[in-house]
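Asker: Got a file for you: structure_25.txt, compact mmCIF, C-alpha atoms and all ligand atoms.
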```txt
# COMPACT_ATOMS: atom_id res chain seq x y z
CA MET A 1 16.19 37.87 51.71
CA ALA A 2 12.83 36.33 51.02
CA GLN A 3 11.28 36.15 47.61
CA VAL A 4 7.72 37.37 47.49
CA ILE A 5 5.04 35.52 45.56
CA ALA A 6 1.46 36.79 45.44
CA LEU A 7 -1.72 35.04 44.42
CA TYR A 8 -3.78 37.67 42.69
CA SER A 9 -6.82 37.98 40.46
CA VAL A 10 -9.39 40.49 39.38
CA LYS A 11 -12.05 37.80 39.59
CA GLY A 12 -13.21 36.35 42.90
CA GLY A 13 -13.55 32.69 43.79
CA VAL A 14 -10.94 31.40 41.31
CA GLY A 15 -8.72 29.53 43.76
CA LYS A 16 -6.27 32.16 45.01
CA THR A 17 -6.55 31.12 48.63
CA ALA A 18 -6.54 27.38 47.96
CA SER A 19 -3.42 27.88 45.81
CA ALA A 20 -1.63 30.19 48.26
CA VAL A 21 -2.12 27.72 51.10
CA ASN A 22 -1.03 24.67 49.12
CA LEU A 23 1.95 26.33 47.47
CA ALA A 24 3.18 27.85 50.74
CA ALA A 25 2.76 24.42 52.36
CA LEU A 26 4.95 22.92 49.62
CA SER A 27 7.64 25.55 50.20
CA ALA A 28 7.63 24.69 53.90
CA LEU A 29 7.81 20.99 53.04
CA GLN A 30 11.02 21.68 51.10
CA GLY A 31 12.46 23.16 54.28
CA ARG A 32 12.20 26.78 53.19
CA LYS A 33 11.43 29.24 55.94
CA THR A 34 8.01 30.19 54.66
CA LEU A 35 5.53 32.89 55.54
CA LEU A 36 1.96 33.05 54.34
CA TRP A 37 0.72 36.62 54.64
CA ASP A 38 -3.04 36.58 54.58
CA LEU A 39 -4.08 39.99 53.32
CA ASP A 40 -7.72 39.10 52.78
CA PRO A 41 -9.85 40.19 55.76
CA GLN A 42 -12.02 37.09 55.17
CA GLY A 43 -9.10 35.23 56.76
CA ALA A 44 -9.66 31.96 54.90
CA ALA A 45 -5.95 31.18 54.52
CA SER A 46 -5.41 31.80 58.25
CA TRP A 47 -8.29 29.43 58.98
CA TYR A 48 -6.98 26.68 56.69
CA LEU A 49 -3.63 26.83 58.45
CA GLN A 50 -5.11 26.92 61.96
CA ALA A 51 -3.45 30.22 62.64
CA GLU A 52 -6.34 32.50 63.44
CA PRO A 53 -5.06 35.08 65.87
CA GLU A 54 -6.33 35.51 69.41
CA SER A 55 -5.03 39.02 69.23
CA ALA A 56 -3.81 40.59 66.03
CA PRO A 57 -1.91 43.83 65.53
CA SER A 58 -4.02 46.84 64.71
CA LEU A 59 -4.09 47.97 61.11
CA ALA A 60 -1.76 50.81 62.05
CA GLN A 61 0.80 48.31 63.43
CA LEU A 62 0.33 45.97 60.48
CA LEU A 63 1.15 48.71 58.03
CA LYS A 64 4.53 49.55 59.61
CA ALA A 65 7.76 47.68 58.88
CA LYS A 66 8.90 48.03 62.47
CA SER A 67 5.79 46.49 64.06
CA VAL A 68 4.38 44.11 61.44
CA ALA A 69 6.38 41.13 62.77
CA GLU A 70 4.42 41.33 66.03
CA GLY A 71 1.54 39.71 64.16
CA LEU A 72 3.47 36.57 63.13
CA ARG A 73 1.92 33.30 64.31
CA PRO A 74 3.40 29.81 64.03
CA SER A 75 1.20 27.38 62.12
CA VAL A 76 0.86 23.74 63.10
CA HIS A 77 3.24 22.94 60.22
CA ARG A 78 7.03 22.91 60.37
CA HIS A 79 8.75 25.89 58.69
CA LEU A 80 5.40 27.59 58.03
CA THR A 81 4.53 30.87 59.73
CA VAL A 82 1.37 32.87 59.15
CA LEU A 83 0.66 36.55 59.31
CA PRO A 84 -3.05 36.14 59.76
CA ALA A 85 -5.81 38.38 58.54
CA ASP A 86 -8.24 39.95 60.88
CA GLN A 87 -11.76 41.12 60.15
CA ARG A 88 -10.78 44.54 61.44
CA TYR A 89 -8.60 44.97 58.34
CA HIS A 90 -11.71 45.33 56.18
CA ASN A 91 -11.05 49.06 55.76
CA ILE A 92 -7.44 48.61 54.64
CA GLU A 93 -8.26 50.32 51.32
CA HIS A 94 -9.24 53.54 53.05
CA VAL A 95 -6.33 53.43 55.46
CA LEU A 96 -3.85 52.83 52.64
CA ALA A 97 -5.37 55.65 50.60
CA GLU A 98 -4.58 58.13 53.36
CA LYS A 99 -0.88 57.22 53.46
CA LYS A 100 1.67 59.39 51.71
CA ASP A 101 3.23 56.31 50.11
CA ALA A 102 -0.21 54.80 49.41
CA GLY A 103 0.89 52.76 46.39
CA PHE A 104 4.08 51.35 47.93
CA ARG A 105 3.15 50.77 51.55
CA ILE A 106 3.08 46.97 51.41
CA ALA A 107 6.52 46.93 49.75
CA LYS A 108 7.84 49.00 52.65
CA VAL A 109 6.13 46.84 55.27
CA LEU A 110 7.74 43.77 53.68
CA ASP A 111 11.12 45.25 54.61
CA GLY A 112 10.22 44.29 58.19
CA LEU A 113 9.68 40.65 57.19
CA THR A 114 11.97 39.64 54.33
CA GLU A 115 15.09 39.02 56.41
CA HIS A 116 13.28 36.40 58.53
CA PHE A 117 12.11 34.17 55.66
CA ASP A 118 13.16 32.46 52.42
CA GLU A 119 9.74 32.77 50.78
CA ILE A 120 6.76 34.97 51.50
CA TRP A 121 3.44 34.00 49.91
CA ILE A 122 0.68 36.59 49.89
CA ASP A 123 -3.03 35.85 49.58
CA THR A 124 -5.06 38.81 48.37
CA PRO A 125 -8.74 39.68 48.08
CA PRO A 126 -10.09 39.88 44.51
CA GLY A 127 -10.45 42.99 42.40
CA ILE A 128 -8.52 45.94 41.08
CA THR A 129 -7.77 47.74 44.31
CA LEU A 130 -5.13 49.90 45.92
CA LEU A 131 -4.13 46.94 48.08
CA GLY A 132 -3.85 44.80 44.96
CA ASP A 133 -1.62 47.39 43.27
CA ASN A 134 0.55 47.51 46.37
CA VAL A 135 0.97 43.76 46.32
CA LEU A 136 1.67 43.65 42.58
CA ARG A 137 4.39 46.27 42.99
CA ALA A 138 5.94 44.47 45.95
CA ALA A 139 5.88 40.91 44.59
CA ASP A 140 8.71 39.24 42.68
CA LEU A 141 6.10 37.04 41.06
CA ALA A 142 2.30 37.43 40.85
CA LEU A 143 0.46 34.21 40.07
CA VAL A 144 -2.99 34.55 38.58
CA PRO A 145 -5.35 31.55 38.68
CA LEU A 146 -7.69 31.36 35.70
CA VAL A 147 -10.67 29.05 35.44
CA PRO A 148 -11.36 27.91 31.89
CA THR A 149 -14.18 30.30 31.06
CA HIS A 150 -14.26 33.30 28.79
CA LEU A 151 -15.16 35.56 31.69
CA SER A 152 -12.07 34.53 33.59
CA GLU A 153 -9.91 34.99 30.48
CA ARG A 154 -11.38 38.46 30.02
CA THR A 155 -10.30 39.51 33.50
CA TRP A 156 -6.72 38.56 32.57
CA PHE A 157 -6.74 41.19 29.82
CA GLN A 158 -8.34 43.72 32.17
CA LEU A 159 -5.47 43.07 34.57
CA LYS A 160 -2.83 43.53 31.85
CA ALA A 161 -4.41 46.83 30.80
CA HIS A 162 -4.50 47.97 34.41
CA LEU A 163 -0.82 47.15 34.94
CA ALA A 164 0.08 49.19 31.88
CA GLU A 165 -1.93 52.13 33.21
CA GLU A 166 -0.27 51.92 36.63
CA LYS A 167 3.18 51.32 35.09
CA ILE A 168 3.60 48.11 37.06
CA LYS A 169 6.07 45.72 35.41
CA PRO A 170 4.03 43.14 33.44
CA GLY A 171 6.97 40.69 33.46
CA LYS A 172 6.19 39.50 36.96
CA LEU A 173 2.78 38.05 35.99
CA ALA A 174 2.19 34.38 35.33
CA ALA A 175 -1.11 32.55 34.94
CA PHE A 176 -2.20 28.96 35.46
CA LEU A 177 -5.49 27.16 34.94
CA THR A 178 -7.37 25.83 37.90
CA MET A 179 -10.63 24.06 38.77
CA VAL A 180 -10.34 22.42 35.36
CA ASP A 181 -13.15 19.91 34.75
CA ARG A 182 -13.37 18.69 31.18
CA ARG A 183 -16.64 16.92 31.99
CA ARG A 184 -18.22 20.37 32.17
CA ALA A 185 -19.52 21.59 28.82
CA LEU A 186 -18.41 25.14 29.54
CA HIS A 187 -14.82 24.04 30.13
CA ARG A 188 -14.78 21.71 27.10
CA GLU A 189 -16.10 24.44 24.82
CA PHE A 190 -13.44 26.76 26.15
CA PHE A 191 -10.62 24.36 25.24
CA ASP A 192 -12.20 23.25 21.95
CA GLU A 193 -12.90 26.70 20.61
CA LYS A 194 -9.43 28.16 20.50
CA THR A 195 -5.92 28.21 21.75
CA LEU A 196 -5.45 30.79 24.42
CA ASP A 197 -3.60 33.91 23.44
CA ILE A 198 -1.81 34.24 26.78
CA PRO A 199 1.95 33.70 26.53
CA GLU A 200 2.26 34.00 30.31
CA LEU A 201 0.01 30.98 30.83
CA TRP A 202 2.06 28.15 32.29
CA PRO A 203 1.30 24.64 31.07
CA VAL A 204 0.14 23.45 34.49
CA GLU A 205 -3.48 22.63 35.25
CA ILE A 206 -4.95 22.21 38.70
CA PRO A 207 -7.93 19.89 38.26
CA TYR A 208 -11.29 20.46 39.87
CA ALA A 209 -11.18 18.31 43.00
CA ALA A 210 -13.72 18.05 45.78
CA LEU A 211 -10.80 17.31 48.14
CA ILE A 212 -9.69 20.91 47.80
CA GLU A 213 -13.11 22.12 48.88
CA GLN A 214 -12.75 19.91 51.93
CA MET A 215 -9.79 21.97 53.13
CA GLY A 216 -12.27 24.13 55.05
CA ASP A 217 -13.33 21.13 57.12
CA ASP A 218 -9.91 19.55 57.45
CA GLN A 219 -7.98 22.78 58.11
CA MET A 220 -5.08 21.01 56.46
CA PRO A 221 -3.44 21.77 53.08
CA THR A 222 -4.45 19.23 50.43
CA VAL A 223 -0.81 18.67 49.55
CA PHE A 224 -0.22 17.37 53.08
CA LYS A 225 -3.43 15.44 53.66
CA HIS A 226 -3.75 13.88 50.19
CA ALA A 227 -0.21 14.12 48.85
CA ARG A 228 -0.74 11.48 46.15
CA HIS A 229 -3.98 12.89 44.78
CA PRO A 230 -3.67 14.31 41.21
CA ALA A 231 -4.62 17.79 42.49
CA ALA A 232 -1.78 17.68 45.04
CA GLN A 233 0.62 16.44 42.35
CA ALA A 234 -0.49 19.26 40.07
CA TYR A 235 0.22 21.76 42.84
CA PHE A 236 3.69 20.26 43.19
CA GLN A 237 4.30 20.76 39.46
CA LEU A 238 3.13 24.35 39.83
CA TRP A 239 5.40 24.84 42.82
CA GLN A 240 8.39 23.52 40.83
CA ARG A 241 7.55 25.94 38.05
CA VAL A 242 7.42 28.84 40.51
CA ASP A 243 10.74 27.76 41.99
CA ALA A 244 12.35 27.64 38.55
CA ALA A 245 10.93 31.06 37.64
CA LEU A 246 12.28 32.58 40.85
CA GLN A 247 15.78 31.23 40.18
CA THR A 248 15.95 33.26 36.99
CA ARG A 249 14.81 36.53 38.58
N1 LIG B 1 -9.09 22.97 42.24
C1 LIG B 1 -10.22 23.11 42.92
N2 LIG B 1 -11.20 22.17 42.85
C2 LIG B 1 -12.36 22.29 43.51
N3 LIG B 1 -12.66 23.31 44.31
C3 LIG B 1 -11.73 24.28 44.44
C4 LIG B 1 -10.47 24.24 43.77
N4 LIG B 1 -9.77 25.35 44.10
C5 LIG B 1 -10.56 26.04 44.94
N5 LIG B 1 -11.73 25.41 45.16
C6 LIG B 1 -12.87 25.85 45.97
O1 LIG B 1 -13.48 26.94 45.32
C7 LIG B 1 -13.87 27.94 46.25
C8 LIG B 1 -13.11 29.24 45.92
O2 LIG B 1 -11.72 28.98 46.08
P1 LIG B 1 -10.78 30.04 46.83
O3 LIG B 1 -11.41 30.48 48.09
O4 LIG B 1 -9.43 29.46 46.89
O5 LIG B 1 -10.86 31.22 45.75
P2 LIG B 1 -10.37 32.72 45.91
O6 LIG B 1 -9.94 33.17 44.57
O7 LIG B 1 -9.40 32.82 47.01
O8 LIG B 1 -11.72 33.44 46.35
P3 LIG B 1 -11.86 34.97 46.84
O9 LIG B 1 -11.75 35.81 45.61
O10 LIG B 1 -13.20 35.01 47.49
O11 LIG B 1 -10.75 35.21 47.81
C9 LIG B 1 -13.54 27.37 47.63
O12 LIG B 1 -14.68 26.76 48.14
C10 LIG B 1 -12.47 26.35 47.34
O13 LIG B 1 -12.47 25.30 48.28
MG MG B 2 -9.44 34.02 48.71
```
Kindly transcribe the structure held in the file into structure tokens.

Answerer:
Amino acid sequence: MAQVIALYSVKGGVGKTASAVNLAALSALQGRKTLLWDLDPQGAASWYLQAEPESAPSLAQLLKAKSVAEGLRPSVHRHLTVLPADQRYHNIEHVLAEKKDAGFRIAKVLDGLTEHFDEIWIDTPPGITLLGDNVLRAADLALVPLVPTHLSERTWFQLKAHLAEEKIKPGKLAAFLTMVDRRRALHREFFDEKTLDIPELWPVEIPYAALIEQMGDDQMPTVFKHARHPAAQAYFQLWQRVDAALQTR
């Protein structure tokens, strides 16, 4: 049965998609049968992995365990399958809200996928949403990228408060820093001013790297195209950390 790892954050543009793609790519590289489920209607992860669908299941089919697998697409990479996003899923919030099991639908849909894979990585849109709550409930581990700014840190505490309100287990959350650039005054001040009061923050930093931004042009995970680059190496460290955390769950 697959383990489910979500990239999640309240704040947008913090590197969820870049991380989901690179970490899923690393799982596939280790020979794990890996699925990346792109749940963001922007479809960026699907694009990066060259798995944009010609035809995708309707939202109604996507939200059913017995038909969700019809949407699976092979990627160009060995061991890596994609369940791509489609622009038509933009109203997923409203559709979920109408379901009887509105808060647990994604967990149920995963039942139609878990037996086919070792690891399922989920990319999510930003924000505190019903879809986000679904994913947080369903995931074995929810990874939250934080950029070193006070605003980003603040959203971490908003997320913790929200989990408590929704009675979602906080133990599945872990955070890591990304887009770290100590040449930037804002980032330096952030590190100089204080030690972060986030016990769930893993000691792994993904540096700011223009190569990661290039993924949109290359349509190739950075960890494959530039395996020796420090950003790719940092993603490998993060992947190892995830792997170790999953062993103990
Ligand atoms: N470590 C990094 N260094 C430099 N650029 C990065 C890094 N990680 C991500 N980016 C770039 O920052 C932008 C936002 O990243 P990404 O799309 O992964 O964030 P996101 O959290 O998924 O955004 P959204 O909330 O819109 O889904 C993208 O242009 C991406 O290429
Ligand atoms: Mg994204």

Asker: Report the closest atom pair, with its distance in Å rounded to one decimal, for each residue of range 26-112 of chain A that has an atom no farther than 10 Å from range 3-7 of chain A; count only C-alpha atoms, sort by chain and then rising residue number, and write it as a Markdown table.

Answerer:
```
| residue | atom | partner | partner_atom | distance |
| --- | --- | --- | --- | --- |
| A:Thr34 | CA | A:Gln3 | CA | 9.8 |
| A:Leu35 | CA | A:Val4 | CA | 9.5 |
| A:Leu36 | CA | A:Ile5 | CA | 9.6 |
| A:Trp37 | CA | A:Ala6 | CA | 9.2 |
| A:Ala107 | CA | A:Val4 | CA | 9.9 |
| A:Leu110 | CA | A:Val4 | CA | 8.9 |
```

Asker: Using only C-alpha atoms and all ligand atoms, which of the listed residues (A:Asn22, A:Pro126, A:Val10, A:Ile168) sits closest to ligand MG 2 (chain B)?

Answerer: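 Nearest candidate to ligand MG 2 (chain B) out of A:Asn22, A:Pro126, A:Val10, A:Ile168: A:Pro126.
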
Asker: In Å, how far is it from CA of His162 in chain A to CA of Ala142 in chain A?

Answerer: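 So the two atoms, CA of His162 in chain A and CA of Ala142 in chain A, lie 14.1 Å apart.
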
Asker: Show which residues sit within 9 Å of Phe104 in chain A, as a PyMOL selection string. Count all atoms listed in the file, and ignore same-chain residues fewer than 4 positions away.

Answerer: chain A and resi 108-109+133-135+137-138

Asker: Identify, counting only C-alpha atoms and all ligand atoms, the protein, DNA and RNA residues located within 10 Å of ligand LIG 1 (chain B), and give them as an NGL selection string.

Answerer: :A and (7-22 or 39-45 or 123-127 or 144-147 or 177-181 or 205-217 or 231-232 or 234-235)

Asker: Edge lengths and centre, in Å to one decimal, as JSON: that's what I need for the box along x, y and z that holds all listed atoms of range 38-49 of chain A plus 5 Å on each side.

Answerer:
```
{"center_x": -7.5, "center_y": 33.4, "center_z": 55.9, "size_x": 19.0, "size_y": 23.5, "size_z": 16.2}
```

Asker: Counting all atoms listed in the file, what is within 8 Å of Leu96 in chain A, bar same-chain residues fewer than 5 positions away, as a list in words?

Answerer: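 That gives Ala102, Gly103, Arg105, Leu130 and Leu131 of chain A.
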
Asker: Which of these residues is nearest to Leu246 in chain A, using all atoms listed in the file: A:Leu163, A:Met220, A:Ala28, A:Leu173?

Answerer: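 Once distances to Leu246 in chain A are computed over all atoms listed in the file, the minimum belongs to A:Leu173.
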
Asker: From the options A:Leu80, A:Leu143, A:Gly112, A:Leu136, which residue's atoms come nearest to Leu49 in chain A, counting only C-alpha atoms?

Answerer: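 Result for the nearest residue to Leu49 in chain A: A:Leu80.
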
Asker: Take range 98-128 of chain A, model N, CA and C atoms, and hand the result over as a short mmCIF file (atom, residue, chain, number, x, y, z; two decimals), in the frame of the given file.

Answerer:
```cif
data_model
loop_
_atom_site.label_atom_id
_atom_site.label_comp_id
_atom_site.auth_asym_id
_atom_site.auth_seq_id
_atom_site.Cartn_x
_atom_site.Cartn_y
_atom_site.Cartn_z
N GLU A 98 -4.96 56.93 52.62
CA GLU A 98 -4.58 58.13 53.36
C GLU A 98 -3.07 58.25 53.56
N LYS A 99 -2.34 57.18 53.24
CA LYS A 99 -0.88 57.22 53.46
C LYS A 99 -0.20 58.00 52.34
N LYS A 100 0.92 58.63 52.71
CA LYS A 100 1.67 59.39 51.71
C LYS A 100 2.19 58.45 50.61
N ASP A 101 2.69 57.28 51.06
CA ASP A 101 3.23 56.31 50.11
C ASP A 101 2.17 55.24 49.80
N ALA A 102 0.95 55.70 49.52
CA ALA A 102 -0.21 54.80 49.41
C ALA A 102 0.00 53.61 48.46
N GLY A 103 0.74 53.83 47.38
CA GLY A 103 0.89 52.76 46.39
C GLY A 103 2.02 51.79 46.70
N PHE A 104 2.86 52.12 47.68
CA PHE A 104 4.08 51.35 47.93
C PHE A 104 4.19 50.87 49.38
N ARG A 105 3.10 51.04 50.11
CA ARG A 105 3.15 50.77 51.55
C ARG A 105 3.49 49.30 51.85
N ILE A 106 2.85 48.39 51.12
CA ILE A 106 3.08 46.97 51.41
C ILE A 106 4.54 46.61 51.11
N ALA A 107 5.11 47.18 50.05
CA ALA A 107 6.52 46.93 49.75
C ALA A 107 7.39 47.37 50.93
N LYS A 108 7.05 48.50 51.52
CA LYS A 108 7.84 49.00 52.65
C LYS A 108 7.64 48.12 53.88
N VAL A 109 6.40 47.69 54.10
CA VAL A 109 6.13 46.84 55.27
C VAL A 109 6.90 45.52 55.13
N LEU A 110 7.01 45.03 53.90
CA LEU A 110 7.74 43.77 53.68
C LEU A 110 9.20 43.86 54.13
N ASP A 111 9.74 45.07 54.12
CA ASP A 111 11.12 45.25 54.61
C ASP A 111 11.27 44.74 56.05
N GLY A 112 10.17 44.77 56.81
CA GLY A 112 10.22 44.29 58.19
C GLY A 112 10.09 42.77 58.30
N LEU A 113 9.92 42.10 57.16
CA LEU A 113 9.68 40.65 57.19
C LEU A 113 10.69 39.85 56.38
N THR A 114 11.21 40.45 55.31
CA THR A 114 11.97 39.64 54.33
C THR A 114 13.21 38.98 54.92
N GLU A 115 13.84 39.62 55.91
CA GLU A 115 15.09 39.02 56.41
C GLU A 115 14.82 37.75 57.23
N HIS A 116 13.58 37.55 57.67
CA HIS A 116 13.28 36.40 58.53
C HIS A 116 12.88 35.14 57.74
N PHE A 117 12.68 35.29 56.43
CA PHE A 117 12.11 34.17 55.66
C PHE A 117 12.86 33.95 54.34
N ASP A 118 12.65 32.74 53.78
CA ASP A 118 13.16 32.46 52.42
C ASP A 118 12.09 32.80 51.39
N GLU A 119 10.83 32.49 51.72
CA GLU A 119 9.74 32.77 50.78
C GLU A 119 8.55 33.37 51.52
N ILE A 120 7.97 34.38 50.93
CA ILE A 120 6.76 34.97 51.50
C ILE A 120 5.66 34.86 50.44
N TRP A 121 4.60 34.15 50.80
CA TRP A 121 3.44 34.00 49.91
C TRP A 121 2.35 34.92 50.40
N ILE A 122 1.73 35.65 49.48
CA ILE A 122 0.68 36.59 49.89
C ILE A 122 -0.65 36.19 49.26
N ASP A 123 -1.68 36.08 50.10
CA ASP A 123 -3.03 35.85 49.58
C ASP A 123 -3.76 37.18 49.60
N THR A 124 -4.42 37.50 48.50
CA THR A 124 -5.06 38.81 48.37
C THR A 124 -6.56 38.66 48.12
N PRO A 125 -7.32 39.68 48.49
CA PRO A 125 -8.74 39.68 48.08
C PRO A 125 -8.83 39.98 46.59
N PRO A 126 -9.98 39.65 45.96
CA PRO A 126 -10.09 39.88 44.51
C PRO A 126 -10.27 41.35 44.17
N GLY A 127 -10.08 41.66 42.89
CA GLY A 127 -10.45 42.99 42.40
C GLY A 127 -9.26 43.87 42.12
N ILE A 128 -9.53 44.92 41.34
CA ILE A 128 -8.52 45.94 41.08
C ILE A 128 -8.65 46.95 42.21
#
```
